[in-house]
>>> print(open('coords36.cif').read())   # mmCIF, C-alpha atoms
data_upload
#
loop_
_atom_site.label_atom_id
_atom_site.label_comp_id
_atom_site.auth_asym_id
_atom_site.auth_seq_id
_atom_site.Cartn_x
_atom_site.Cartn_y
_atom_site.Cartn_z
CA MET A 1 29.72 112.08 10.86
CA PRO A 2 32.70 113.35 12.90
CA LEU A 3 32.10 114.71 16.37
CA THR A 4 32.57 118.33 17.34
CA PHE A 5 33.84 118.39 20.92
CA PRO A 6 33.06 121.23 23.32
CA PRO A 7 36.16 122.77 24.91
CA PRO A 8 37.56 120.55 27.67
CA THR A 9 36.90 123.25 30.25
CA ALA A 10 33.16 122.73 29.63
CA ALA A 11 33.33 119.25 31.20
CA ARG A 12 30.89 118.51 34.04
CA ASP A 13 33.04 118.22 37.15
CA ASP A 14 30.12 116.81 39.14
CA LEU A 15 30.03 113.90 36.66
CA ASP A 16 33.76 113.09 36.74
CA GLY A 17 34.50 115.39 33.84
CA LEU A 18 31.81 114.21 31.43
CA LEU A 19 31.99 116.32 28.29
CA LEU A 20 29.89 114.64 25.62
CA LEU A 21 27.67 111.61 24.99
CA GLY A 22 27.38 109.84 21.67
CA GLY A 23 29.33 109.21 18.52
CA GLN A 24 31.64 106.38 17.58
CA PRO A 25 35.33 105.74 18.42
CA THR A 26 36.44 106.28 14.84
CA VAL A 27 40.01 107.20 13.98
CA GLU A 28 38.92 110.76 13.24
CA ASN A 29 37.03 111.15 16.51
CA LEU A 30 39.75 109.55 18.64
CA VAL A 31 42.50 111.71 17.14
CA ALA A 32 40.39 114.84 17.65
CA ALA A 33 39.62 113.85 21.24
CA TYR A 34 43.14 112.96 22.36
CA SER A 35 44.59 116.07 20.75
CA GLN A 36 42.41 118.05 23.19
CA GLY A 37 42.99 115.91 26.28
CA ILE A 38 39.66 114.07 25.96
CA PHE A 39 39.17 110.29 26.08
CA PRO A 40 36.24 107.87 25.77
CA TRP A 41 35.05 105.82 28.73
CA PRO A 42 31.89 103.71 28.36
CA VAL A 43 29.18 104.12 30.99
CA ASP A 44 26.49 101.47 31.48
CA ASP A 45 23.30 102.00 29.46
CA LEU A 46 24.49 105.30 27.98
CA PRO A 47 25.85 106.25 24.55
CA LEU A 48 29.62 106.40 24.38
CA ALA A 49 30.83 108.94 26.97
CA TRP A 50 33.78 111.30 26.47
CA PHE A 51 35.63 112.76 29.46
CA CYS A 52 38.14 115.37 30.50
CA PRO A 53 38.24 114.87 34.29
CA PRO A 54 38.90 117.68 36.79
CA ARG A 55 41.90 115.76 38.16
CA ARG A 56 44.33 113.96 35.87
CA GLY A 57 46.97 111.32 36.48
CA ILE A 58 50.33 111.87 34.81
CA LEU A 59 53.83 110.44 35.05
CA ARG A 60 56.58 113.03 34.67
CA LEU A 61 59.47 111.10 33.17
CA ALA A 62 62.04 113.01 35.20
CA ARG A 63 60.31 111.81 38.38
CA LEU A 64 60.04 108.14 37.41
CA HIS A 65 60.78 106.11 40.53
CA VAL A 66 62.34 102.66 40.23
CA GLY A 67 62.58 100.99 43.63
CA ARG A 68 65.28 98.51 44.57
CA SER A 69 63.17 95.42 44.04
CA LEU A 70 61.90 96.61 40.67
CA ALA A 71 65.42 97.60 39.57
CA ARG A 72 66.62 94.13 40.55
CA ALA A 73 63.73 92.52 38.66
CA GLN A 74 64.61 94.62 35.62
CA ARG A 75 68.29 93.60 35.75
CA GLN A 76 67.52 89.92 36.24
CA SER A 77 64.52 89.68 33.92
CA PRO A 78 64.74 86.90 31.31
CA TRP A 79 61.89 88.48 29.35
CA HIS A 80 62.00 90.15 25.95
CA ILE A 81 60.23 93.50 25.48
CA SER A 82 58.88 94.67 22.14
CA PHE A 83 56.79 97.50 20.70
CA ASP A 84 53.80 97.12 18.39
CA GLU A 85 54.37 93.44 17.69
CA SER A 86 51.02 92.21 19.00
CA PHE A 87 48.65 95.12 19.58
CA GLY A 88 45.47 93.05 19.32
CA GLU A 89 46.70 90.42 21.76
CA VAL A 90 47.69 93.09 24.28
CA MET A 91 44.28 94.72 24.03
CA ARG A 92 42.47 91.44 24.51
CA ALA A 93 44.66 90.62 27.53
CA CYS A 94 43.87 94.02 29.05
CA GLN A 95 40.18 93.38 28.35
CA THR A 96 40.21 90.16 30.39
CA GLN A 97 42.57 91.27 33.18
CA PRO A 98 40.75 91.07 36.56
CA ARG A 99 40.50 94.50 38.22
CA PRO A 100 39.91 94.99 41.96
CA GLY A 101 36.45 96.42 42.53
CA GLN A 102 35.34 95.88 38.92
CA ALA A 103 32.91 93.16 37.89
CA GLY A 104 33.55 93.61 34.17
CA THR A 105 35.62 95.63 31.74
CA TRP A 106 35.29 99.06 30.17
CA ILE A 107 37.11 97.79 27.05
CA THR A 108 34.01 97.02 25.01
CA PRO A 109 34.00 95.40 21.55
CA GLN A 110 33.24 98.88 20.18
CA LEU A 111 36.46 100.22 21.70
CA VAL A 112 38.47 97.19 20.58
CA ARG A 113 37.44 97.92 16.99
CA GLY A 114 38.11 101.63 17.38
CA TYR A 115 41.60 101.32 18.87
CA THR A 116 42.53 98.54 16.45
CA GLU A 117 41.72 100.90 13.60
CA LEU A 118 43.64 103.65 15.38
CA HIS A 119 46.63 101.30 15.64
CA ALA A 120 46.41 100.56 11.91
CA ALA A 121 46.42 104.33 11.33
CA GLY A 122 49.65 104.65 13.36
CA HIS A 123 48.30 106.39 16.45
CA ALA A 124 47.77 103.53 18.94
CA HIS A 125 50.74 101.54 20.22
CA SER A 126 51.51 98.59 22.43
CA VAL A 127 54.38 97.39 24.58
CA GLU A 128 54.72 93.62 24.95
CA VAL A 129 56.60 91.59 27.55
CA TRP A 130 57.41 88.07 26.36
CA GLU A 131 58.46 84.92 28.15
CA GLY A 132 59.68 82.97 25.16
CA ASP A 133 56.72 83.07 22.79
CA THR A 134 54.20 83.71 25.56
CA LEU A 135 52.86 87.21 26.24
CA VAL A 136 53.10 87.76 30.01
CA GLY A 137 52.53 91.50 30.31
CA GLY A 138 52.06 94.71 28.41
CA LEU A 139 50.19 97.92 27.86
CA TYR A 140 48.65 99.97 25.09
CA GLY A 141 47.90 103.62 24.55
CA VAL A 142 47.55 106.46 22.10
CA ALA A 143 50.14 108.87 20.70
CA VAL A 144 48.72 112.01 19.12
CA ARG A 145 50.62 115.23 18.42
CA GLY A 146 53.63 114.23 20.50
CA VAL A 147 51.74 113.19 23.65
CA PHE A 148 51.26 109.58 24.80
CA ALA A 149 48.14 108.57 26.74
CA GLY A 150 48.28 105.20 28.44
CA GLU A 151 45.00 103.30 28.24
CA SER A 152 45.38 99.96 29.99
CA MET A 153 47.93 97.37 31.10
CA PHE A 154 47.98 93.76 32.20
CA HIS A 155 50.32 91.21 33.72
CA HIS A 156 50.43 87.43 34.01
CA ARG A 157 53.73 87.49 35.92
CA PRO A 158 54.77 89.74 38.83
CA ASN A 159 56.27 93.07 37.67
CA ALA A 160 55.60 92.36 33.98
CA SER A 161 53.36 95.40 33.48
CA LYS A 162 55.76 97.63 35.45
CA LEU A 163 58.62 96.59 33.21
CA ALA A 164 56.44 97.50 30.23
CA VAL A 165 55.96 100.97 31.76
CA LEU A 166 59.72 101.34 32.28
CA ALA A 167 60.36 100.38 28.66
CA LEU A 168 57.76 102.88 27.48
CA ALA A 169 59.23 105.62 29.70
CA ARG A 170 62.71 104.96 28.33
CA HIS A 171 61.39 105.14 24.78
CA LEU A 172 59.44 108.37 25.36
CA ARG A 173 62.35 110.02 27.15
CA ALA A 174 64.64 109.18 24.23
CA ARG A 175 62.15 110.93 21.93
CA GLY A 176 62.19 114.04 24.12
CA ALA A 177 58.85 113.65 25.91
CA SER A 178 58.54 115.09 29.42
CA PHE A 179 55.48 113.17 30.67
CA PHE A 180 52.76 110.81 29.67
CA ASP A 181 49.07 110.84 30.49
CA ILE A 182 47.76 107.97 32.65
CA GLN A 183 44.27 109.49 32.95
CA GLN A 184 43.45 108.06 36.38
CA LEU A 185 45.90 107.71 39.25
CA THR A 186 46.27 104.12 40.46
CA PRO A 187 48.35 102.62 43.31
CA HIS A 188 50.28 100.66 40.66
CA MET A 189 51.41 103.92 39.01
CA VAL A 190 51.90 105.88 42.25
CA VAL A 191 54.68 103.42 43.12
CA LEU A 192 56.41 104.50 39.90
CA GLY A 193 56.14 108.20 40.76
CA ALA A 194 52.87 109.17 39.10
CA GLU A 195 50.93 112.15 40.44
CA GLU A 196 47.62 113.92 40.03
CA VAL A 197 47.27 117.43 38.60
CA SER A 198 44.33 119.73 37.92
CA ARG A 199 42.69 119.80 34.51
CA ASP A 200 44.06 123.29 33.86
CA GLU A 201 47.60 122.18 34.64
CA PHE A 202 47.21 119.09 32.51
CA LEU A 203 45.90 121.06 29.54
CA ALA A 204 48.82 123.50 29.83
CA LEU A 205 51.28 120.58 29.87
CA LEU A 206 49.48 119.09 26.87
CA VAL A 207 49.80 122.27 24.81
CA ASN A 208 53.46 122.73 25.74
CA GLU A 209 54.24 119.17 24.69
CA GLN A 210 52.31 119.53 21.45
CA ASN A 211 54.09 122.77 20.62
CA ALA A 212 57.44 120.99 20.84
CA GLY A 213 56.47 119.09 17.70
CA ARG A 214 58.01 115.76 18.71
CA GLN A 215 57.34 112.45 16.99
CA LEU A 216 57.09 109.73 19.59
CA PHE A 217 56.72 106.77 17.23
CA ASP A 218 57.86 106.42 13.67
CA ALA A 219 54.34 105.69 12.41
CA ASP A 220 52.69 108.72 14.07
#
>>> encode(input="coords36.cif", output="structure tokens")
Amino acid sequence: MPLTFPPPTAARDDLDGLLLLGGQPTVENLVAAYSQGIFPWPVDDLPLAWFCPPRRGILRLARLHVGRSLARAQRQSPWHISFDESFGEVMRACQTQPRPGQAGTWITPQLVRGYTELHAAGHAHSVEVWEGDTLVGGLYGVAVRGVFAGESMFHHRPNASKLAVLALARHLRARGASFFDIQQLTPHMVVLGAEEVSRDEFLALLVNEQNAGRQLFDAD
């Protein structure tokens, strides 16, 4: 049975923006959630948790910062970058990527199934960075109603995930997008110009972007 989400403004700020517990990450539920600025994030020993945090990380594409060393790496890179060629492999690589301060991964088998089905439905997308036939970096995320939400990234070579972000930013900018959602601000994304905004500001940006009626990927 599909979930009915409370309004995002009802999220519990004292619990990092927790909005709802329960349900499954079905295509229907994920599309409904992301269209309202809500995303799932598993919490130990609890049913699936859905969040709309009080502070939100975003990357405004007009403020994308490419430092000298990254620009040089981009110019000299021998790697090939693709979109949606190996979604499952990217997700599995993100699942096993070591994270500072984390003993495990939030990308549970339940979420792998859910986002794989969402990809098959045309709403989840990946960016791959290849060294020959070897996947050395990438990211995946969700595009719903003209807004992209980045979910996770990984790298097996220095700068590989950053080059995936630059490729994604270039693609989104060409489609007319003004920002993309990164959910939580990280040092990795701060270097690229990401910032944190309030939930109210994020939701206003979300609605404005949705009202523009853009199609970010051909399958959306």
>>> residues_around(input="coords36.cif", residues="stretch 79-92 of chain A", least_positions_apart="6", cutoff="9 Å", atoms="all atoms listed in the file", output="list in words")
Ile107, Val112, Tyr115, Thr116, His119, Ala124, His125, Ser126, Val127, Glu128, Val129, Trp130, Glu131, Gly132, Leu135, Val136, Gly137, Gly138, Leu139, Tyr140, Ser152, Met153, Phe154, Ala160, Leu163, Ala164, Ala167 and Leu168 of chain A
>>> closest_atom_pairs(input="coords36.cif", of="stretch 54-114 of chain A", to="stretch 195-210 of chain A", cutoff="8 Å", atoms="all atoms listed in the file", output="CSV")
residue,atom,partner,partner_atom,distance
A:Pro54,CA,A:Arg199,CA,4.9
A:Arg55,CA,A:Ser198,CA,4.7
A:Arg56,CA,A:Glu196,CA,5.3
A:Gly57,CA,A:Glu196,CA,4.4
A:Ile58,CA,A:Glu195,CA,5.7
A:Leu59,CA,A:Glu195,CA,6.4
>>> closest_residue(input="coords36.cif", among="A:Ala174, A:Leu48, A:Val191, A:Ile182", to="A:Val142", atoms="only C-alpha atoms")
A:Ile182
>>> closest_residue(input="coords36.cif", among="A:Cys52, A:Pro98, A:Val165, A:Asp45", to="A:Ala11", atoms="all atoms listed in the file")
A:Cys52
>>> closest_residue(input="coords36.cif", among="A:Leu216, A:Cys94, A:Val147, A:Ala120", to="A:Trp106", atoms="all atoms listed in the file")
A:Cys94
>>> atom_distance(input="coords36.cif", atom1="atom CA of A:Leu18", atom2="atom CA of A:Asn211")
26.2 Å
>>> resolve_selection(input="coords36.cif", expression="the PyMOL selection byres ((chain A and resi 60) around 6)", output="PDB file with C-alpha atoms, keeping the file's coordinate frame")
ATOM      1  CA  LEU A  59      53.830 110.440  35.050  1.00  0.00           C
ATOM      2  CA  LEU A  61      59.470 111.100  33.170  1.00  0.00           C
ATOM      3  CA  ALA A  62      62.040 113.010  35.200  1.00  0.00           C
ATOM      4  CA  ARG A  63      60.310 111.810  38.380  1.00  0.00           C
ATOM      5  CA  SER A 178      58.540 115.090  29.420  1.00  0.00           C
ATOM      6  CA  PHE A 179      55.480 113.170  30.670  1.00  0.00           C
TER       7      PHE A 179
END
>>> residues_around(input="coords36.cif", residues="A:Gly114", least_positions_apart="5", cutoff="9 Å", atoms="all atoms listed in the file", output="tab-separated table (two decimals) with C-alpha atoms, in the coordinates of the input")
chain	number	residue	atom	x	y	z
A	24	GLN	CA	31.64	106.38	17.58
A	25	PRO	CA	35.33	105.74	18.42
A	26	THR	CA	36.44	106.28	14.84
A	27	VAL	CA	40.01	107.20	13.98
A	30	LEU	CA	39.75	109.55	18.64
A	109	PRO	CA	34.00	95.40	21.55
A	119	HIS	CA	46.63	101.30	15.64
>>> closest_residue(input="coords36.cif", among="A:Ala212, A:Gly146, A:Gln97, A:Pro78", to="A:Phe180", atoms="all atoms listed in the file")
A:Gly146
>>> closest_residue(input="coords36.cif", among="A:Asp218, A:Lys162, A:Glu117, A:Leu3", to="A:Val190", atoms="all atoms listed in the file")
A:Lys162
>>> residues_around(input="coords36.cif", residues="A:Leu20", least_positions_apart="3", cutoff="10 Å", atoms="only C-alpha atoms", output="PyMOL selection string")
chain A and resi 3-6+8+10-12+17+23+38+40+47-52
>>> atom_distance(input="coords36.cif", atom1="atom CA of A:Asp44", atom2="atom CA of A:Asp16")
14.7 Å
>>> closest_residue(input="coords36.cif", among="A:Gly122, A:Pro42, A:Pro2, A:Gly193", to="A:Leu64", atoms="only C-alpha atoms")
A:Gly193
>>> axis_aligned_box(input="coords36.cif", around="stretch 18-30 of chain A", padding_each_side="8 Å", output="lines of an AutoDock Vina configuration file")
center_x = 33.7
center_y = 111.0
center_z = 22.3
size_x = 28.6
size_y = 26.6
size_z = 34.2
>>> atom_distance(input="coords36.cif", atom1="atom CA of A:Thr105", atom2="atom CA of A:Ala73")
29.1 Å
